[in-house]
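**Student:** Contents of input_13.csv (CSV, C-alpha atoms (C1' of nucleotides)) are below:
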chain,number,residue,atom,x,y,z
A,1,MET,CA,0.0,0.0,0.0
A,2,ALA,CA,1.2,3.5,0.7
A,3,LYS,CA,1.7,5.9,-2.2
A,4,ALA,CA,4.7,4.0,-3.6
A,5,GLY,CA,4.5,2.6,-7.1
A,6,LYS,CA,5.9,5.7,-8.7
A,7,GLU,CA,9.7,6.1,-9.1
A,8,ASN,CA,10.3,2.5,-8.4
A,9,ARG,CA,9.1,1.6,-11.9
A,10,LYS,CA,12.6,1.9,-13.1
A,11,ASP,CA,13.7,-0.5,-10.3
A,12,HIS,CA,11.0,-2.9,-11.4
A,13,ILE,CA,12.4,-2.8,-15.0
A,14,GLN,CA,15.9,-3.4,-13.7
A,15,GLU,CA,14.8,-6.3,-11.6
A,16,ALA,CA,12.9,-8.0,-14.4
A,17,ALA,CA,15.9,-7.4,-16.7
A,18,GLN,CA,18.2,-9.1,-14.2
A,19,ARG,CA,16.0,-12.2,-14.2
A,20,LEU,CA,15.7,-12.3,-18.0
A,21,PHE,CA,19.3,-11.6,-18.7
A,22,ARG,CA,20.3,-14.3,-16.2
A,23,GLU,CA,18.1,-16.9,-17.8
A,24,ASN,CA,18.6,-16.2,-21.4
A,25,GLY,CA,21.6,-14.0,-21.6
A,26,TYR,CA,21.8,-10.3,-22.5
A,27,SER,CA,21.9,-10.7,-26.2
A,28,ALA,CA,19.2,-13.3,-26.4
A,29,THR,CA,16.8,-11.1,-24.4
A,30,SER,CA,14.8,-8.6,-26.4
A,31,MET,CA,13.3,-5.4,-25.3
A,32,SER,CA,9.9,-6.9,-26.1
A,33,ASP,CA,10.6,-9.9,-23.8
A,34,LEU,CA,11.4,-7.4,-21.1
A,35,ALA,CA,8.3,-5.2,-21.8
A,36,ASN,CA,6.2,-8.4,-21.6
A,37,GLU,CA,7.7,-9.3,-18.3
A,38,VAL,CA,7.1,-5.8,-16.9
A,39,GLY,CA,3.6,-5.6,-18.4
A,40,ILE,CA,3.9,-2.6,-20.7
A,41,GLU,CA,4.6,-2.0,-24.4
A,42,ALA,CA,8.2,-2.3,-25.6
A,43,ALA,CA,8.3,1.4,-26.7
A,44,SER,CA,7.2,2.5,-23.2
A,45,LEU,CA,10.4,1.1,-21.6
A,46,TYR,CA,12.1,4.1,-23.1
A,47,SER,CA,10.2,6.5,-20.9
A,48,HIS,CA,12.2,5.0,-18.0
A,49,ILE,CA,15.5,3.9,-19.5
A,50,GLU,CA,17.8,5.2,-22.1
A,51,SER,CA,18.8,2.0,-23.9
A,52,LYS,CA,19.2,-1.7,-23.4
A,53,GLU,CA,22.8,-1.2,-22.7
A,54,GLU,CA,22.1,1.3,-20.0
A,55,ILE,CA,20.3,-1.5,-18.1
A,56,LEU,CA,23.4,-3.7,-18.4
A,57,ARG,CA,25.6,-0.9,-17.3
A,58,THR,CA,23.6,-0.3,-14.2
A,59,ILE,CA,23.7,-4.0,-13.3
A,60,CYS,CA,27.4,-4.3,-13.8
A,61,PHE,CA,28.5,-1.2,-12.0
A,62,GLU,CA,26.1,-1.5,-9.1
A,63,MET,CA,27.5,-5.0,-8.5
A,64,ALA,CA,31.0,-3.7,-8.7
A,65,ASP,CA,30.2,-1.0,-6.1
A,66,GLN,CA,28.8,-3.6,-3.8
A,67,PHE,CA,31.8,-5.8,-4.1
A,68,PHE,CA,34.2,-2.9,-3.3
A,69,ASP,CA,32.0,-1.8,-0.4
A,70,GLY,CA,32.3,-5.2,1.1
A,71,LEU,CA,36.1,-4.9,1.4
A,72,ALA,CA,35.9,-1.8,3.6
A,73,SER,CA,35.4,-3.8,6.7
A,74,VAL,CA,38.2,-6.3,6.0
A,75,GLU,CA,41.1,-3.9,6.6
A,76,ASP,CA,39.6,-2.6,10.0
A,77,ALA,CA,41.4,-4.6,12.6
A,78,GLY,CA,45.0,-5.6,12.0
A,79,LEU,CA,44.2,-9.2,11.3
A,80,PRO,CA,46.5,-11.9,10.0
A,81,GLU,CA,46.3,-12.5,6.3
A,82,ASP,CA,44.5,-15.8,6.5
A,83,LYS,CA,41.7,-14.2,8.6
A,84,LYS,CA,41.6,-11.3,6.1
A,85,LEU,CA,41.2,-13.7,3.3
A,86,GLU,CA,38.4,-15.4,5.0
A,87,LEU,CA,36.6,-12.1,5.6
A,88,ALA,CA,37.1,-11.0,2.0
A,89,ILE,CA,35.7,-14.3,0.8
A,90,ALA,CA,32.8,-14.0,3.2
A,91,SER,CA,32.0,-10.5,1.9
A,92,HIS,CA,32.3,-11.6,-1.8
A,93,ILE,CA,30.0,-14.6,-1.2
A,94,GLU,CA,27.5,-12.5,0.6
A,95,VAL,CA,27.3,-9.9,-2.1
A,96,ILE,CA,26.6,-12.7,-4.6
A,97,ALA,CA,24.1,-14.4,-2.4
A,98,LEU,CA,22.1,-11.2,-2.0
A,99,ASN,CA,22.2,-10.5,-5.8
A,100,ARG,CA,22.1,-13.8,-7.6
A,101,SER,CA,20.6,-12.7,-10.8
A,102,ALA,CA,22.7,-9.6,-11.0
A,103,SER,CA,25.8,-11.6,-10.2
A,104,ALA,CA,25.1,-14.0,-13.1
A,105,VAL,CA,24.8,-11.0,-15.5
A,106,PHE,CA,27.9,-9.4,-14.0
A,107,PHE,CA,29.9,-12.5,-14.6
A,108,HIS,CA,28.6,-13.5,-18.0
A,109,ASP,CA,27.5,-10.4,-19.8
A,110,SER,CA,29.9,-7.6,-18.9
A,111,ARG,CA,31.6,-8.3,-22.2
A,112,HIS,CA,28.6,-6.7,-24.0
A,113,LEU,CA,29.3,-3.4,-22.3
A,114,GLY,CA,30.1,-0.7,-24.9
A,115,GLU,CA,33.3,1.1,-25.0
A,116,PRO,CA,34.5,3.3,-22.6
A,117,TYR,CA,32.5,1.2,-20.1
A,118,HIS,CA,33.9,-2.1,-20.9
A,119,SER,CA,37.5,-0.9,-20.3
A,120,ASP,CA,36.5,0.8,-17.0
A,121,PHE,CA,34.8,-2.4,-15.9
A,122,LYS,CA,37.9,-4.5,-16.6
A,123,LEU,CA,40.1,-2.1,-14.7
A,124,MET,CA,37.8,-2.2,-11.7
A,125,ARG,CA,37.7,-6.0,-11.7
A,126,ARG,CA,41.4,-6.2,-12.0
A,127,ARG,CA,41.8,-3.8,-9.0
A,128,TYR,CA,39.4,-5.9,-7.0
A,129,GLU,CA,41.1,-9.2,-7.8
A,130,ASN,CA,44.5,-7.6,-7.0
A,131,TYR,CA,43.2,-6.9,-3.5
A,132,PHE,CA,42.8,-10.7,-3.0
A,133,LYS,CA,46.1,-11.4,-4.7
A,134,LYS,CA,47.9,-9.1,-2.3
A,135,ILE,CA,46.5,-10.9,0.7
A,136,ILE,CA,47.8,-14.2,-0.7
A,137,GLU,CA,51.2,-12.7,-1.5
A,138,ARG,CA,51.6,-11.2,2.0
A,139,GLY,CA,50.4,-14.5,3.4
A,140,ILE,CA,53.2,-16.3,1.6
A,141,GLU,CA,55.8,-13.8,2.7
A,142,GLN,CA,54.7,-14.2,6.3
A,143,LYS,CA,54.9,-18.0,5.9
A,144,ILE,CA,51.2,-18.4,6.7
A,145,PHE,CA,50.5,-19.7,3.2
A,146,ARG,CA,52.4,-22.2,1.1
A,147,CYS,CA,54.6,-20.9,-1.7
A,148,VAL,CA,52.0,-21.0,-4.5
A,149,ASP,CA,51.5,-19.2,-7.8
A,150,SER,CA,49.5,-16.2,-6.5
A,151,THR,CA,48.0,-15.4,-9.9
A,152,PHE,CA,46.8,-18.9,-10.4
A,153,THR,CA,45.5,-19.2,-6.9
A,154,VAL,CA,43.5,-16.0,-6.9
A,155,ARG,CA,41.9,-17.0,-10.3
A,156,THR,CA,41.0,-20.4,-8.9
A,157,LEU,CA,39.6,-18.8,-5.8
A,158,PHE,CA,37.4,-16.5,-7.9
A,159,SER,CA,36.2,-19.3,-10.1
A,160,ALA,CA,35.3,-21.2,-6.9
A,161,MET,CA,33.4,-18.3,-5.5
A,162,ASN,CA,31.8,-17.0,-8.6
A,163,TRP,CA,29.7,-20.0,-9.5
A,164,THR,CA,27.8,-19.9,-6.2
A,165,TYR,CA,25.2,-17.6,-7.8
A,166,ALA,CA,23.9,-20.8,-9.5
A,167,TRP,CA,23.1,-22.3,-6.1
A,168,HIS,CA,19.4,-23.1,-6.2
A,169,GLY,CA,18.5,-23.0,-2.6
A,170,SER,CA,18.0,-26.7,-1.8
A,171,GLY,CA,17.2,-25.7,1.8
A,172,LYS,CA,19.1,-24.2,4.6
A,173,ASN,CA,22.5,-25.7,4.0
A,174,ASP,CA,23.5,-23.0,1.6
A,175,THR,CA,23.5,-19.8,3.6
A,176,PRO,CA,26.3,-17.4,2.7
A,177,GLU,CA,28.0,-18.3,6.0
A,178,ILE,CA,28.0,-22.0,5.3
A,179,ILE,CA,29.2,-21.5,1.7
A,180,THR,CA,32.0,-19.3,2.9
A,181,LYS,CA,33.0,-21.9,5.4
A,182,LYS,CA,33.1,-24.7,2.8
A,183,ILE,CA,35.1,-22.7,0.3
A,184,THR,CA,37.5,-21.3,2.9
A,185,SER,CA,38.1,-24.8,4.3
A,186,LEU,CA,38.6,-26.4,0.9
A,187,ILE,CA,41.0,-23.7,-0.3
A,188,LEU,CA,42.9,-23.4,2.9
A,189,GLU,CA,43.0,-27.0,4.1
A,190,GLY,CA,42.5,-29.0,0.9
A,191,LEU,CA,40.8,-32.3,0.3
A,192,SER,CA,43.5,-34.7,1.5
A,193,LYS,CA,43.3,-36.1,4.9
A,194,LYS,CA,46.1,-35.0,7.2
B,1,MET,CA,49.2,-28.0,-51.2
B,2,ALA,CA,47.8,-31.5,-52.0
B,3,LYS,CA,44.2,-31.8,-53.2
B,4,ALA,CA,42.7,-30.9,-49.8
B,5,GLY,CA,40.4,-27.9,-49.5
B,6,LYS,CA,37.3,-29.9,-50.4
B,7,GLU,CA,35.3,-31.6,-47.6
B,8,ASN,CA,37.0,-29.7,-44.9
B,9,ARG,CA,35.1,-26.5,-45.8
B,10,LYS,CA,32.6,-27.6,-43.2
B,11,ASP,CA,35.4,-27.9,-40.7
B,12,HIS,CA,36.6,-24.4,-41.6
B,13,ILE,CA,33.1,-23.1,-40.8
B,14,GLN,CA,33.0,-24.9,-37.5
B,15,GLU,CA,36.3,-23.6,-36.5
B,16,ALA,CA,35.5,-20.0,-37.4
B,17,ALA,CA,32.2,-20.4,-35.5
B,18,GLN,CA,34.0,-21.6,-32.4
B,19,ARG,CA,36.2,-18.5,-32.4
B,20,LEU,CA,33.4,-16.1,-33.0
B,21,PHE,CA,31.0,-17.7,-30.5
B,22,ARG,CA,33.7,-17.7,-27.9
B,23,GLU,CA,34.5,-14.0,-28.4
B,24,ASN,CA,31.0,-12.6,-28.7
B,25,GLY,CA,28.7,-15.4,-27.6
B,26,TYR,CA,26.4,-17.5,-29.6
B,27,SER,CA,23.5,-15.1,-29.6
B,28,ALA,CA,25.5,-12.1,-30.5
B,29,THR,CA,27.2,-13.7,-33.4
B,30,SER,CA,25.2,-13.5,-36.7
B,31,MET,CA,25.4,-15.8,-39.7
B,32,SER,CA,26.7,-12.9,-41.6
B,33,ASP,CA,29.5,-12.4,-39.1
B,34,LEU,CA,30.4,-16.0,-39.6
B,35,ALA,CA,30.2,-15.8,-43.4
B,36,ASN,CA,32.4,-12.8,-43.3
B,37,GLU,CA,35.0,-14.7,-41.3
B,38,VAL,CA,34.9,-17.6,-43.6
B,39,GLY,CA,35.0,-15.4,-46.7
B,40,ILE,CA,31.7,-16.4,-48.4
B,41,GLU,CA,28.1,-15.0,-48.6
B,42,ALA,CA,25.9,-15.7,-45.6
B,43,ALA,CA,23.4,-17.7,-47.7
B,44,SER,CA,26.2,-19.9,-48.9
B,45,LEU,CA,26.8,-21.2,-45.4
B,46,TYR,CA,23.6,-23.2,-45.8
B,47,SER,CA,25.2,-25.4,-48.5
B,48,HIS,CA,27.4,-26.8,-45.7
B,49,ILE,CA,25.4,-26.6,-42.6
B,50,GLU,CA,21.8,-27.0,-41.7
B,51,SER,CA,21.3,-24.2,-39.3
B,52,LYS,CA,23.0,-21.9,-36.8
B,53,GLU,CA,21.9,-24.2,-34.0
B,54,GLU,CA,23.4,-27.2,-35.7
B,55,ILE,CA,26.8,-25.6,-35.4
B,56,LEU,CA,26.3,-25.1,-31.7
B,57,ARG,CA,25.1,-28.7,-31.3
B,58,THR,CA,28.2,-30.0,-33.0
B,59,ILE,CA,30.5,-28.0,-30.8
B,60,CYS,CA,28.8,-29.0,-27.6
B,61,PHE,CA,28.4,-32.8,-28.3
B,62,GLU,CA,31.9,-33.2,-29.8
B,63,MET,CA,33.3,-31.6,-26.6
B,64,ALA,CA,31.1,-33.9,-24.5
B,65,ASP,CA,32.5,-36.9,-26.4
B,66,GLN,CA,36.1,-35.8,-25.8
B,67,PHE,CA,35.5,-35.3,-22.1
B,68,PHE,CA,34.0,-38.8,-21.8
B,69,ASP,CA,36.7,-40.4,-23.9
B,70,GLY,CA,39.3,-39.0,-21.6
B,71,LEU,CA,37.9,-40.9,-18.7
B,72,ALA,CA,38.5,-44.3,-20.3
B,73,SER,CA,42.1,-44.5,-19.3
B,74,VAL,CA,41.4,-43.5,-15.6
B,75,GLU,CA,39.8,-46.8,-14.6
B,76,ASP,CA,42.5,-48.9,-16.2
B,77,ALA,CA,44.8,-49.8,-13.3
B,78,GLY,CA,43.4,-50.3,-9.9
B,79,LEU,CA,44.6,-46.9,-8.6
B,80,PRO,CA,43.8,-45.3,-5.3
B,81,GLU,CA,41.1,-42.7,-5.4
B,82,ASP,CA,43.4,-39.7,-5.1
B,83,LYS,CA,45.5,-40.9,-8.0
B,84,LYS,CA,42.3,-41.5,-10.0
B,85,LEU,CA,41.2,-38.0,-9.2
B,86,GLU,CA,44.4,-36.6,-10.4
B,87,LEU,CA,44.2,-38.5,-13.7
B,88,ALA,CA,40.6,-37.4,-14.3
B,89,ILE,CA,41.6,-33.8,-13.6
B,90,ALA,CA,44.6,-34.2,-16.0
B,91,SER,CA,42.3,-35.5,-18.7
B,92,HIS,CA,39.7,-32.8,-18.2
B,93,ILE,CA,42.3,-30.0,-18.3
B,94,GLU,CA,43.9,-31.5,-21.4
B,95,VAL,CA,40.7,-31.7,-23.3
B,96,ILE,CA,40.1,-28.0,-22.5
B,97,ALA,CA,43.6,-27.0,-23.4
B,98,LEU,CA,43.3,-28.7,-26.8
B,99,ASN,CA,40.0,-27.0,-27.5
B,100,ARG,CA,39.9,-23.6,-25.8
B,101,SER,CA,37.4,-21.9,-28.0
B,102,ALA,CA,35.1,-24.9,-28.2
B,103,SER,CA,35.3,-25.3,-24.4
B,104,ALA,CA,34.3,-21.7,-23.9
B,105,VAL,CA,31.3,-22.2,-26.1
B,106,PHE,CA,30.5,-25.5,-24.3
B,107,PHE,CA,30.5,-23.8,-20.9
B,108,HIS,CA,28.7,-20.6,-21.8
B,109,ASP,CA,26.3,-21.3,-24.7
B,110,SER,CA,25.0,-24.8,-24.2
B,111,ARG,CA,21.9,-23.2,-22.7
B,112,HIS,CA,21.0,-22.1,-26.2
B,113,LEU,CA,20.6,-25.6,-27.4
B,114,GLY,CA,17.1,-26.4,-28.6
B,115,GLU,CA,15.0,-29.0,-27.1
B,116,PRO,CA,15.6,-32.4,-27.1
B,117,TYR,CA,19.3,-31.5,-27.2
B,118,HIS,CA,19.5,-29.3,-24.2
B,119,SER,CA,18.0,-32.0,-22.0
B,120,ASP,CA,20.3,-34.6,-23.4
B,121,PHE,CA,23.2,-32.3,-22.9
B,122,LYS,CA,22.4,-31.7,-19.2
B,123,LEU,CA,22.0,-35.4,-18.6
B,124,MET,CA,25.5,-36.1,-20.1
B,125,ARG,CA,27.0,-33.4,-18.0
B,126,ARG,CA,25.5,-34.7,-14.9
B,127,ARG,CA,26.7,-38.2,-15.6
B,128,TYR,CA,30.2,-36.8,-16.2
B,129,GLU,CA,30.2,-34.8,-13.0
B,130,ASN,CA,28.9,-37.8,-11.1
B,131,TYR,CA,32.0,-39.7,-12.2
B,132,PHE,CA,34.1,-37.2,-10.3
B,133,LYS,CA,31.8,-37.1,-7.4
B,134,LYS,CA,32.0,-40.9,-7.0
B,135,ILE,CA,35.7,-40.7,-6.8
B,136,ILE,CA,35.5,-38.2,-4.1
B,137,GLU,CA,32.9,-40.2,-2.2
B,138,ARG,CA,34.9,-43.4,-2.4
B,139,GLY,CA,38.0,-41.4,-1.3
B,140,ILE,CA,36.1,-40.3,1.8
B,141,GLU,CA,34.9,-43.8,2.6
B,142,GLN,CA,38.5,-45.0,2.3
B,143,LYS,CA,39.7,-42.2,4.6
B,144,ILE,CA,42.0,-40.8,1.9
B,145,PHE,CA,40.0,-37.6,1.8
B,146,ARG,CA,38.6,-35.5,4.6
B,147,CYS,CA,34.9,-35.8,5.2
B,148,VAL,CA,33.7,-33.0,2.9
B,149,ASP,CA,30.4,-32.2,1.2
B,150,SER,CA,31.0,-34.1,-2.1
B,151,THR,CA,28.5,-32.2,-4.1
B,152,PHE,CA,30.0,-28.9,-3.1
B,153,THR,CA,33.5,-30.1,-3.6
B,154,VAL,CA,32.9,-31.5,-7.1
B,155,ARG,CA,31.3,-28.2,-8.2
B,156,THR,CA,34.1,-26.2,-6.8
B,157,LEU,CA,36.6,-28.5,-8.6
B,158,PHE,CA,34.8,-28.0,-11.9
B,159,SER,CA,34.6,-24.3,-11.5
B,160,ALA,CA,38.4,-24.3,-10.8
B,161,MET,CA,39.0,-26.5,-13.9
B,162,ASN,CA,36.6,-24.9,-16.3
B,163,TRP,CA,37.9,-21.4,-16.4
B,164,THR,CA,41.3,-22.5,-17.6
B,165,TYR,CA,40.1,-22.1,-21.2
B,166,ALA,CA,40.6,-18.4,-20.6
B,167,TRP,CA,44.3,-18.9,-20.1
B,168,HIS,CA,45.9,-16.7,-22.7
B,169,GLY,CA,49.2,-18.5,-23.1
B,170,SER,CA,51.6,-16.1,-21.4
B,171,GLY,CA,54.4,-18.5,-22.2
B,172,LYS,CA,55.3,-22.0,-21.2
B,173,ASN,CA,54.2,-22.0,-17.6
B,174,ASP,CA,50.7,-23.0,-18.6
B,175,THR,CA,50.9,-26.4,-20.2
B,176,PRO,CA,48.1,-28.8,-19.4
B,177,GLU,CA,50.5,-30.7,-17.2
B,178,ILE,CA,51.5,-27.7,-15.1
B,179,ILE,CA,47.9,-26.4,-14.8
B,180,THR,CA,46.9,-29.9,-13.7
B,181,LYS,CA,49.6,-30.0,-11.1
B,182,LYS,CA,48.6,-26.6,-9.7
B,183,ILE,CA,44.9,-27.4,-9.5
B,184,THR,CA,45.5,-30.8,-8.0
B,185,SER,CA,47.9,-29.4,-5.4
B,186,LEU,CA,45.6,-26.6,-4.4
B,187,ILE,CA,42.5,-28.8,-4.2
B,188,LEU,CA,44.3,-31.7,-2.4
B,189,GLU,CA,46.7,-29.8,-0.1
B,190,GLY,CA,45.2,-26.4,0.3
B,191,LEU,CA,46.8,-23.0,0.7
B,192,SER,CA,47.7,-23.2,4.4
B,193,LYS,CA,51.2,-24.0,5.4
B,194,LYS,CA,51.6,-27.3,7.3
C,1,DC,C1',2.5,5.1,-21.0
C,2,DC,C1',0.4,4.2,-25.9
C,3,DT,C1',0.1,4.0,-31.2
C,4,DA,C1',2.4,4.1,-35.1
C,5,DC,C1',6.3,3.5,-37.2
C,6,DC,C1',11.6,3.6,-38.5
C,7,DG,C1',15.8,1.4,-40.9
C,8,DA,C1',18.6,-2.4,-40.1
C,9,DT,C1',19.4,-6.9,-39.4
C,10,DC,C1',18.1,-11.5,-38.2
C,11,DG,C1',18.2,-16.7,-39.7
C,12,DG,C1',16.9,-18.9,-43.6
C,13,DT,C1',14.9,-20.4,-48.6
C,14,DA,C1',14.5,-20.6,-53.8
C,15,DG,C1',16.6,-21.3,-57.7
C,16,DG,C1',20.1,-21.6,-60.3
D,1,DC,C1',28.7,-21.0,-54.0
D,2,DC,C1',26.0,-16.7,-55.6
D,3,DT,C1',21.9,-13.5,-56.4
D,4,DA,C1',17.7,-12.3,-54.9
D,5,DC,C1',14.7,-12.3,-51.6
D,6,DC,C1',11.5,-13.8,-47.5
D,7,DG,C1',8.8,-12.7,-43.1
D,8,DA,C1',10.0,-11.7,-38.6
D,9,DT,C1',12.1,-9.3,-35.3
D,10,DC,C1',15.6,-6.1,-33.6
D,11,DG,C1',16.5,-1.6,-30.6
D,12,DG,C1',14.8,2.7,-30.8
D,13,DT,C1',12.1,7.4,-32.1
D,14,DA,C1',8.2,10.7,-32.9
D,15,DG,C1',4.5,12.6,-31.2
D,16,DG,C1',1.1,12.7,-28.4
Now, as a test, write the supplied structure out as structure tokens.
**Tutor:**
Amino acid sequence: MAKAGKENRKDHIQEAAQRLFRENGYSATSMSDLANEVGIEAASLYSHIESKEEILRTICFEMADQFFDGLASVEDAGLPEDKKLELAIASHIEVIALNRSASAVFFHDSRHLGEPYHSDFKLMRRRYENYFKKIIERGIEQKIFRCVDSTFTVRTLFSAMNWTYAWHGSGKNDTPEIITKKITSLILEGLSKK
Amino acid sequence: MAKAGKENRKDHIQEAAQRLFRENGYSATSMSDLANEVGIEAASLYSHIESKEEILRTICFEMADQFFDGLASVEDAGLPEDKKLELAIASHIEVIALNRSASAVFFHDSRHLGEPYHSDFKLMRRRYENYFKKIIERGIEQKIFRCVDSTFTVRTLFSAMNWTYAWHGSGKNDTPEIITKKITSLILEGLSKK
DNA sequence: CCTACCGATCGGTAGG
DNA sequence: CCTACCGATCGGTAGG
């Protein structure tokens, strides 16, 4: 109720777009698919948005902001690197869990961003991944971590984290906290016994 | 030289399609893009192929065959489960390394397969992943592996393996053998020292 | 937010 | 393998 329903029409469009883009991909989703989902004519979408690409842009850069915001709390206390890594993983997983559709679009469709945006996007992502990489490298220097290839390790870590958007909620054993624990445990301790 | 250049025109089309689909995605690649890459008119493609989707189908199912073929050698000797897992990982990584573009398409665009094919595809993938899962579960029973969530672990393993198609050959430190060693080591032993 | 409509491009066919 | 062409749909604009 209340007098809502006004300026959140744009949000409604964004949200529907996230779902459709996730399911069929950005390129395979037409503006008329989107209009249909929202319940208006395709041409009417343009009263609220500027272009199809603007929708994608909004999704990608809002996700990027959320990922960066999550890191703010990691640096706070002077924690050891393995604890920092665990906090950073927890933040990343939580952002994904709170935005599953947008995450899927972020990971799969950012390549369809137009130009200057695509380059900006890649720079931000690289900066973000470097943050994790530095943690691993400092951990190695401090002999907390084994002497691994940090570039390889951080990529593997991200690929492990970034598919969790596909989790389809089989119940309660997939909260962000539990996922974080499983990933952290596997990456830090490995599969082998002892 | 030689009298080649005849029935491998279809292969030429398939190969060009793999590159284009990988770079821009299946949906964002048009038949005229493909024709342009091959050097003929768009309409002429249909002398060699049946439809755009047939190209995708061929890519996806040929990859699936290669992945399954790779498993044949794993069962051979009565190896312990951790060695089997390593062999299976090595096979998977090698198939990807030998078919980077096709792998990218396999992982990203199989969802655009039409219907009965998409269901068949998902069944095969599930069977394949189950093979790895069983290894992990037997390893746990035999106390070779820690008592982990096997579903979660196998998914994490696949996400770690399946991004390696994106490797862009920075030199010689990314042969299939070295990648396999790094992944196996990280998954089995973990990042923590001691 | 709609009707009416745009030029461009889509995957694909006919016929040679 | 090409020319000629198909109906459908694409993202988007004009004007109200």
**Student:** Find the nearest atom pair between each residue of stretch 49-85 of chain B and chain C for residues within 10 Å, count all atoms listed in the file, give distances in Å to one decimal, sort rows by chain and ascending number, and present the table as a tab-separated table.
**Tutor:**
residue	atom	partner	partner_atom	distance
B:Glu50	CA	C:DG12	C1'	9.7
B:Ser51	CA	C:DG12	C1'	8.1
B:Lys52	CA	C:DG11	C1'	7.6
**Student:** So how far away is atom CA of B:Thr164 from atom CA of B:Asn24, in Å?
**Tutor:**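 Calculated distance between atom CA of B:Asn24 and atom CA of B:Thr164 is 18.1 Å.
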**Student:** What is the distance, in Å and to one decimal place, between atom CA of A:Ala160 and atom CA of B:Leu79?
**Tutor:**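 Computed distance, atom CA of A:Ala160 to atom CA of B:Leu79, equals 27.4 Å.
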**Student:** In terms of the shortest atom-to-atom distance over all atoms listed in the file, which of B:Ile49, B:Arg57, B:Gly139, B:Met161 is closest to B:Leu186?
**Tutor:** B:Met161
**Student:** May I ask you to extract the residues of chain A within 8 Å of chain B, using all atoms listed in the file, and to give them as an MDAnalysis selection string?
**Tutor:** chainID A and resid 24 27:28 111:112 143:146 148 152:153 156:157 159:160 163 182:183 186:194
**Student:** How many Å separate atom CA of A:Met124 from atom CA of A:Leu98?
**Tutor:**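 Distance reported for this atom pair: 20.5 Å.
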**Student:** Which chain B residues have any atom within 9 Å of an atom of chain D, and for each, what is the nearest pair of atoms with distance in Å to one decimal, counting all atoms listed in the file, rows sorted by chain and number, as a Markdown table?
**Tutor:**
| residue | atom | partner | partner_atom | distance |
| --- | --- | --- | --- | --- |
| B:Ile40 | CA | D:DC1 | C1' | 7.8 |
| B:Glu41 | CA | D:DC2 | C1' | 7.5 |
| B:Ala43 | CA | D:DC2 | C1' | 8.4 |
| B:Ser44 | CA | D:DC1 | C1' | 5.8 |
| B:Leu45 | CA | D:DC1 | C1' | 8.8 |
| B:Ser47 | CA | D:DC1 | C1' | 7.9 |
**Student:** With all atoms listed in the file as the counted atoms, please give the residues lying no more than 7 Å from A:Met31, apart from itself and same-chain residues fewer than 3 positions off, as a list in words.
**Tutor:** Leu34, Ala35 and Ala42 of chain A
**Student:** Using the selection just defined, write its residues with C-alpha atoms as a CSV table (one decimal), in the frame of the given file.
**Tutor:**
chain,number,residue,atom,x,y,z
A,34,LEU,CA,11.4,-7.4,-21.1
A,35,ALA,CA,8.3,-5.2,-21.8
A,42,ALA,CA,8.2,-2.3,-25.6
